[in-house]
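Engineer: Dropping the structure in here first, questions after.
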Amino acid sequence: MGAPMASNLIKAGCDVTVWNRTKSKCDPLLSLGAKYEPTPAQVASSCDVTFAMLADPQSAAEVACGSSGAAEGLAPGKGYVDVSTVDGATSKLIGERITSTGASFLEAPVSGSKKPAEDGLLIFLTAGDESLYKRVAPLLDVMGKSRFYLGDVGNGAAMKLVVNMVMGSMMVSFSEGLLLSEKVGLDPNTLVEVISQGAISAPMFSLKGPSMVKAAYPPAFPLKHQQKDLRLALALAESVSQSIPTVAAANELYKAAKSLGLSDHDFSAVIEALKAKVQSQSSQ
């Protein structure tokens with residue numbers, strides 16, 4: 001996700017400096033004109049605004065707050081924008097460390113996967129320092145199609161978790177529909193077409209359905225990240241005593257899919273966990 005976002009900034013004429021835990025992943029960006037620094041601290045020190053896109057809360061906190069982390073290179077007047085999907089507690093932890101340096105902090109998790117990132121069509125769910133939000137708005141507009149300012153730090157993280165919670169549950173229900181339609185003798189491709197023309201039409205169904213029918217799951221949003229977001233959403237719900245039983249059930253299926261070795265496949269591969277469940281029941 002971070003690479004196409006940075007690429008769009010470079011193509012828009014921005015002066016971009018990059019770092020990655022795996023240096024070779026920076027090579028395509030360097031070929032486009034980006035500069036490289038060997039630590040997050042040095043990136044933050046050399047830039048007015050630093051964007052961070054990490055895979056999970058632990059990584060996001062480590063890159064921001066750890067040894068040679070971005071916070072070590074920040075100072076008053078600089079800004080740090082974390083576009084990772086993390087829980088509210090992690091976002092607040094990062095925000096407190098960043099602002100302790102005198103820098104400004106904005107959480108800005110994105111709704112959208114690899115293709116929207118490449119096309120500059122992400123949705124930014126921001127919260128935190130409003131002056132920093134206004135300052136980076138032109139950059140967000142390069143990388144995305146819309147942006148929302150949601151107030152205090154933690155609100156952006158919460159909104160993203162709710163959105164991904166709904167998405168993950170929808171994919172499980174869609175998977176069940178595809179399998180049931182085939183089991184009763186219907187063409188699942190026709191089901192995809194019917195759904196695409198009705199009230200429950202969603203781009204996700206039209207995009208993922210044909211590949212799922214072929215049992216192909218090219219990763220746009222890895223299944224392991226979807227399960228991580230469901231886990232975080234369940235923790236969020238528990239913190240406010242909100243029951244979300246459908247999400248709890250969906251989470252178990254994603255966990256089962258991970259146990260089948262599908263972590264790095266697209267999250268639509270959750271359908272394979274349902275297939276395995278049916279096969280297991282049939283063999284009993």
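By order of appearance in the structure tokens: chains A, B, ..., then residues from 1 within every chain, and ligands from 1 in the order shown.
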How close does region 240-282 of chain A get to region 154-174 of chain A? List, as a Markdown table, each residue of region 240-282 of chain A within 10 Å, its nearest atom pair and the distance in Å to one decimal, counting only C-alpha atoms.

Structural biologist:
```
| residue | atom | partner | partner_atom | distance |
| --- | --- | --- | --- | --- |
| A:Ile244 | CA | A:Met165 | CA | 9.7 |
| A:Thr246 | CA | A:Ser169 | CA | 7.0 |
| A:Val247 | CA | A:Ser169 | CA | 5.9 |
| A:Ala248 | CA | A:Ser169 | CA | 9.2 |
| A:Ala249 | CA | A:Ser169 | CA | 8.7 |
| A:Ala250 | CA | A:Ser169 | CA | 5.8 |
| A:Asn251 | CA | A:Gly168 | CA | 8.2 |
| A:Leu253 | CA | A:Val172 | CA | 8.0 |
| A:Tyr254 | CA | A:Val172 | CA | 8.8 |
| A:Phe267 | CA | A:Gly168 | CA | 8.0 |
| A:Ser268 | CA | A:Met171 | CA | 6.5 |
| A:Ala269 | CA | A:Met171 | CA | 9.4 |
| A:Val270 | CA | A:Val172 | CA | 6.9 |
| A:Ile271 | CA | A:Val172 | CA | 7.0 |
| A:Ala273 | CA | A:Val172 | CA | 9.8 |
| A:Leu274 | CA | A:Val172 | CA | 8.7 |
```

Engineer: Restricted to N, CA and C atoms, what would the selected residues look like written as a PDB file, in the first residue's frame?

Structural biologist:
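To be explicit, this is the file written out as out06.pdb:
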```pdb
ATOM      1  N   ILE A 244     -21.319  -8.183  18.818  1.00  0.00           N
ATOM      2  CA  ILE A 244     -21.193  -8.286  17.350  1.00  0.00           C
ATOM      3  C   ILE A 244     -20.990  -9.768  16.994  1.00  0.00           C
ATOM      4  N   THR A 246     -22.089 -11.726  14.596  1.00  0.00           N
ATOM      5  CA  THR A 246     -21.804 -12.060  13.196  1.00  0.00           C
ATOM      6  C   THR A 246     -20.317 -11.899  12.906  1.00  0.00           C
ATOM      7  N   VAL A 247     -19.736 -10.855  13.427  1.00  0.00           N
ATOM      8  CA  VAL A 247     -18.307 -10.606  13.232  1.00  0.00           C
ATOM      9  C   VAL A 247     -17.478 -11.669  13.945  1.00  0.00           C
ATOM     10  N   ALA A 248     -17.910 -12.067  15.134  1.00  0.00           N
ATOM     11  CA  ALA A 248     -17.192 -13.111  15.872  1.00  0.00           C
ATOM     12  C   ALA A 248     -17.163 -14.411  15.074  1.00  0.00           C
ATOM     13  N   ALA A 249     -18.291 -14.751  14.457  1.00  0.00           N
ATOM     14  CA  ALA A 249     -18.357 -15.970  13.644  1.00  0.00           C
ATOM     15  C   ALA A 249     -17.482 -15.843  12.402  1.00  0.00           C
ATOM     16  N   ALA A 250     -17.520 -14.670  11.769  1.00  0.00           N
ATOM     17  CA  ALA A 250     -16.691 -14.444  10.582  1.00  0.00           C
ATOM     18  C   ALA A 250     -15.210 -14.553  10.927  1.00  0.00           C
ATOM     19  N   ASN A 251     -14.835 -14.014  12.073  1.00  0.00           N
ATOM     20  CA  ASN A 251     -13.434 -14.060  12.492  1.00  0.00           C
ATOM     21  C   ASN A 251     -12.935 -15.497  12.598  1.00  0.00           C
ATOM     22  N   LEU A 253     -13.862 -18.023  10.845  1.00  0.00           N
ATOM     23  CA  LEU A 253     -13.629 -18.543   9.488  1.00  0.00           C
ATOM     24  C   LEU A 253     -12.316 -18.015   8.905  1.00  0.00           C
ATOM     25  N   TYR A 254     -12.018 -16.745   9.152  1.00  0.00           N
ATOM     26  CA  TYR A 254     -10.737 -16.209   8.673  1.00  0.00           C
ATOM     27  C   TYR A 254      -9.568 -16.879   9.385  1.00  0.00           C
ATOM     28  N   PHE A 267      -8.276 -11.717   0.844  1.00  0.00           N
ATOM     29  CA  PHE A 267      -9.211 -12.092   1.907  1.00  0.00           C
ATOM     30  C   PHE A 267     -10.427 -12.844   1.383  1.00  0.00           C
ATOM     31  N   SER A 268     -10.690 -12.772   0.077  1.00  0.00           N
ATOM     32  CA  SER A 268     -11.783 -13.545  -0.513  1.00  0.00           C
ATOM     33  C   SER A 268     -11.523 -15.044  -0.435  1.00  0.00           C
ATOM     34  N   ALA A 269     -10.281 -15.430  -0.148  1.00  0.00           N
ATOM     35  CA  ALA A 269      -9.950 -16.854   0.013  1.00  0.00           C
ATOM     36  C   ALA A 269     -10.600 -17.460   1.245  1.00  0.00           C
ATOM     37  N   VAL A 270     -11.298 -16.654   2.042  1.00  0.00           N
ATOM     38  CA  VAL A 270     -12.037 -17.194   3.186  1.00  0.00           C
ATOM     39  C   VAL A 270     -13.051 -18.244   2.730  1.00  0.00           C
ATOM     40  N   ILE A 271     -13.470 -18.176   1.468  1.00  0.00           N
ATOM     41  CA  ILE A 271     -14.403 -19.168   0.931  1.00  0.00           C
ATOM     42  C   ILE A 271     -13.819 -20.578   1.033  1.00  0.00           C
ATOM     43  N   ALA A 273     -12.166 -21.787   3.494  1.00  0.00           N
ATOM     44  CA  ALA A 273     -12.442 -22.317   4.834  1.00  0.00           C
ATOM     45  C   ALA A 273     -13.831 -22.921   4.892  1.00  0.00           C
ATOM     46  N   LEU A 274     -14.780 -22.322   4.188  1.00  0.00           N
ATOM     47  CA  LEU A 274     -16.136 -22.866   4.119  1.00  0.00           C
ATOM     48  C   LEU A 274     -16.156 -24.174   3.337  1.00  0.00           C
TER      49      LEU A 274
END
```

Engineer: Would you mind listing what lies within 12 Å of Arg147 (chain A) as a PyMOL selection string, with only C-alpha atoms counted and same-chain residues fewer than 5 positions away left out?

Structural biologist: chain A and resi 107-111+121-127+133-134+136-142+156

Engineer: Give the strand (DSSP E or B) residues of region 79-237 of chain A, as assigned by DSSP on the backbone, as a compact mmCIF listing (two decimals) with N, CA, C and O atoms, in the first residue's frame.

Structural biologist:
```txt
# COMPACT_ATOMS: atom_id res chain seq x y z
N GLY A 79 5.40 17.25 10.98
CA GLY A 79 4.16 16.49 11.12
C GLY A 79 4.38 15.01 10.86
O GLY A 79 5.25 14.63 10.06
N TYR A 80 3.58 14.18 11.54
CA TYR A 80 3.64 12.72 11.36
C TYR A 80 2.23 12.23 11.11
O TYR A 80 1.33 12.45 11.93
N VAL A 81 2.03 11.56 9.98
CA VAL A 81 0.72 11.08 9.58
C VAL A 81 0.80 9.56 9.48
O VAL A 81 1.51 9.02 8.61
N ASP A 82 0.08 8.86 10.35
CA ASP A 82 0.09 7.39 10.34
C ASP A 82 -1.14 6.89 9.60
O ASP A 82 -2.26 7.06 10.07
N SER A 104 3.44 17.58 15.21
CA SER A 104 1.99 17.38 15.13
C SER A 104 1.70 15.96 14.66
O SER A 104 2.47 15.37 13.89
N PHE A 105 0.56 15.41 15.11
CA PHE A 105 0.21 14.03 14.77
C PHE A 105 -1.20 13.95 14.18
O PHE A 105 -2.14 14.59 14.68
N LEU A 106 -1.32 13.16 13.13
CA LEU A 106 -2.62 12.88 12.50
C LEU A 106 -2.69 11.40 12.21
O LEU A 106 -1.77 10.84 11.59
N GLU A 107 -3.74 10.74 12.68
CA GLU A 107 -3.98 9.38 12.23
C GLU A 107 -4.84 9.46 10.98
O GLU A 107 -5.75 10.30 10.90
N VAL A 110 -6.61 4.28 5.85
CA VAL A 110 -7.24 4.39 4.54
C VAL A 110 -8.24 3.27 4.32
O VAL A 110 -8.05 2.14 4.77
N SER A 111 -9.31 3.60 3.63
CA SER A 111 -10.25 2.60 3.13
C SER A 111 -9.94 2.43 1.66
O SER A 111 -9.95 3.39 0.89
N LEU A 122 -7.97 6.29 -2.78
CA LEU A 122 -8.18 5.88 -1.40
C LEU A 122 -9.13 6.85 -0.67
O LEU A 122 -9.35 7.97 -1.12
N ILE A 123 -9.67 6.40 0.45
CA ILE A 123 -10.49 7.23 1.32
C ILE A 123 -9.74 7.36 2.64
O ILE A 123 -9.42 6.35 3.28
N PHE A 124 -9.43 8.59 3.05
CA PHE A 124 -8.67 8.83 4.27
C PHE A 124 -9.62 9.15 5.42
O PHE A 124 -10.48 10.02 5.31
N LEU A 125 -9.44 8.43 6.53
CA LEU A 125 -10.26 8.59 7.72
C LEU A 125 -9.38 9.20 8.80
O LEU A 125 -8.71 8.49 9.56
N THR A 126 -9.34 10.51 8.88
CA THR A 126 -8.34 11.19 9.68
C THR A 126 -8.89 11.67 11.02
O THR A 126 -10.08 11.94 11.19
N ALA A 127 -7.97 11.82 11.99
CA ALA A 127 -8.30 12.38 13.29
C ALA A 127 -7.01 12.85 13.95
O ALA A 127 -5.93 12.32 13.68
N GLY A 128 -7.14 13.85 14.79
CA GLY A 128 -5.96 14.38 15.45
C GLY A 128 -5.82 15.87 15.22
O GLY A 128 -6.81 16.61 15.26
N GLY A 144 -5.76 10.10 -2.72
CA GLY A 144 -7.10 9.60 -2.48
C GLY A 144 -8.18 10.38 -3.20
O GLY A 144 -7.94 11.46 -3.76
N LYS A 145 -9.39 9.84 -3.15
CA LYS A 145 -10.54 10.49 -3.78
C LYS A 145 -11.39 11.25 -2.79
O LYS A 145 -12.20 12.11 -3.17
N SER A 146 -11.24 10.94 -1.50
CA SER A 146 -12.00 11.66 -0.48
C SER A 146 -11.29 11.55 0.86
O SER A 146 -10.44 10.69 1.06
N ARG A 147 -11.65 12.45 1.76
CA ARG A 147 -11.04 12.47 3.09
C ARG A 147 -12.07 12.97 4.10
O ARG A 147 -12.90 13.81 3.79
N PHE A 148 -11.99 12.43 5.30
CA PHE A 148 -12.89 12.80 6.38
C PHE A 148 -12.07 13.18 7.60
O PHE A 148 -11.12 12.47 7.94
N TYR A 149 -12.44 14.28 8.25
CA TYR A 149 -11.81 14.63 9.52
C TYR A 149 -12.79 14.29 10.63
O TYR A 149 -13.92 14.79 10.66
N PRO A 222 -4.59 -8.73 1.78
CA PRO A 222 -4.27 -10.06 2.29
C PRO A 222 -5.22 -10.52 3.40
O PRO A 222 -5.62 -9.73 4.26
```

Engineer: Output as a ChimeraX atom specification all residues of region 46-209 of chain A that backbone DSSP marks as helix (DSSP H, G or I).

Structural biologist: /A:46,57-65,70-73,88-99,114-119,130-143,155-183,188-196,203-209

Engineer: So which residues touch region 189-201 of chain A within 9 Å, counting only C-alpha atoms, skipping near sequence neighbours fewer than 2 positions away, as a list in words?

Structural biologist: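 What passes the distance filter is Gly177, Leu178, Ser181, Leu186, Asp187, Pro203, Met204, Phe205, Ser206, Gly209, Pro210 and Val213 of chain A.
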
Engineer: Could you check how far CA of Leu29 (chain A) sits from CA of Ala3 (chain A), in Å to one decimal?

Structural biologist: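 Between CA of Leu29 (chain A) and CA of Ala3 (chain A) the gap works out to 7.2 Å.
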
Engineer: Against region 94-98 of chain A, which residues of region 19-70 of chain A fall within 10 Å? For each one I want the closest pair of atoms and the distance in Å (one decimal), counting only C-alpha atoms, rows by chain and increasing residue number, as a Markdown table.

Structural biologist:
```
| residue | atom | partner | partner_atom | distance |
| --- | --- | --- | --- | --- |
| A:Pro57 | CA | A:Ile94 | CA | 9.8 |
| A:Ala60 | CA | A:Ile94 | CA | 8.1 |
| A:Ala61 | CA | A:Ile94 | CA | 6.1 |
| A:Glu62 | CA | A:Ile94 | CA | 9.2 |
| A:Val63 | CA | A:Ile94 | CA | 9.6 |
| A:Ala64 | CA | A:Ile94 | CA | 6.5 |
| A:Cys65 | CA | A:Arg97 | CA | 6.6 |
| A:Ala70 | CA | A:Ile98 | CA | 8.3 |
```

Engineer: Deliver the residues from the most recent selection as a file, using all heavy atoms, as a JSON list (two decimals), in the first residue's frame.

Structural biologist:
```json
[["chain", "number", "residue", "atom", "x", "y", "z"],
["A", 57, "PRO", "N", -0.41, -3.09, 14.40],
["A", 57, "PRO", "CA", -0.12, -2.15, 15.49],
["A", 57, "PRO", "C", 1.30, -2.22, 16.02],
["A", 57, "PRO", "O", 1.92, -1.19, 16.29],
["A", 57, "PRO", "CB", -1.14, -2.56, 16.57],
["A", 57, "PRO", "CG", -2.28, -3.15, 15.80],
["A", 57, "PRO", "CD", -1.64, -3.88, 14.66],
["A", 60, "ALA", "N", 3.64, -0.53, 13.60],
["A", 60, "ALA", "CA", 3.40, 0.91, 13.57],
["A", 60, "ALA", "C", 4.02, 1.59, 14.78],
["A", 60, "ALA", "O", 4.65, 2.66, 14.67],
["A", 60, "ALA", "CB", 1.90, 1.19, 13.51],
["A", 61, "ALA", "N", 3.86, 0.97, 15.96],
["A", 61, "ALA", "CA", 4.42, 1.55, 17.17],
["A", 61, "ALA", "C", 5.94, 1.50, 17.16],
["A", 61, "ALA", "O", 6.62, 2.45, 17.57],
["A", 61, "ALA", "CB", 3.88, 0.81, 18.39],
["A", 62, "GLU", "N", 6.50, 0.40, 16.68],
["A", 62, "GLU", "CA", 7.95, 0.25, 16.64],
["A", 62, "GLU", "C", 8.60, 1.27, 15.72],
["A", 62, "GLU", "O", 9.61, 1.90, 16.08],
["A", 62, "GLU", "CB", 8.32, -1.17, 16.20],
["A", 62, "GLU", "CG", 9.82, -1.43, 16.09],
["A", 62, "GLU", "CD", 10.54, -1.37, 17.43],
["A", 62, "GLU", "OE1", 9.88, -1.58, 18.46],
["A", 62, "GLU", "OE2", 11.76, -1.11, 17.43],
["A", 63, "VAL", "N", 8.02, 1.47, 14.54],
["A", 63, "VAL", "CA", 8.59, 2.40, 13.57],
["A", 63, "VAL", "C", 8.47, 3.85, 14.06],
["A", 63, "VAL", "O", 9.35, 4.68, 13.83],
["A", 63, "VAL", "CB", 7.91, 2.24, 12.19],
["A", 63, "VAL", "CG1", 8.25, 3.39, 11.26],
["A", 63, "VAL", "CG2", 8.33, 0.91, 11.56],
["A", 64, "ALA", "N", 7.40, 4.14, 14.79],
["A", 64, "ALA", "CA", 7.22, 5.50, 15.30],
["A", 64, "ALA", "C", 8.02, 5.75, 16.57],
["A", 64, "ALA", "O", 8.66, 6.81, 16.71],
["A", 64, "ALA", "CB", 5.74, 5.77, 15.56],
["A", 65, "CYS", "N", 8.00, 4.78, 17.49],
["A", 65, "CYS", "CA", 8.48, 5.02, 18.85],
["A", 65, "CYS", "C", 9.73, 4.25, 19.24],
["A", 65, "CYS", "O", 10.32, 4.52, 20.29],
["A", 65, "CYS", "CB", 7.38, 4.68, 19.85],
["A", 65, "CYS", "SG", 5.77, 5.41, 19.50],
["A", 70, "ALA", "N", 10.78, 7.11, 14.07],
["A", 70, "ALA", "CA", 10.52, 8.43, 13.50],
["A", 70, "ALA", "C", 10.53, 9.53, 14.55],
["A", 70, "ALA", "O", 11.00, 10.65, 14.29],
["A", 70, "ALA", "CB", 9.17, 8.40, 12.78]]
```

Engineer: Quick one: pull the distance between CA of Val153 (chain A) and CA of Val16 (chain A), Å, one decimal.

Structural biologist: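 Answer for the CA of Val153 (chain A) to CA of Val16 (chain A) separation: 25.7 Å.
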
Engineer: Could you tell me which of A:Trp19, A:Gly261, A:Met212, A:Met1 comes closest to Glu176 (chain A) if we count only C-alpha atoms?

Structural biologist: A:Met212

Engineer: Restricting the calculation to only C-alpha atoms: of A:Gly33, A:Pro40, A:Gly151, A:Pro116, which residue gets closest to Ala220 (chain A)?

Structural biologist: A:Pro116
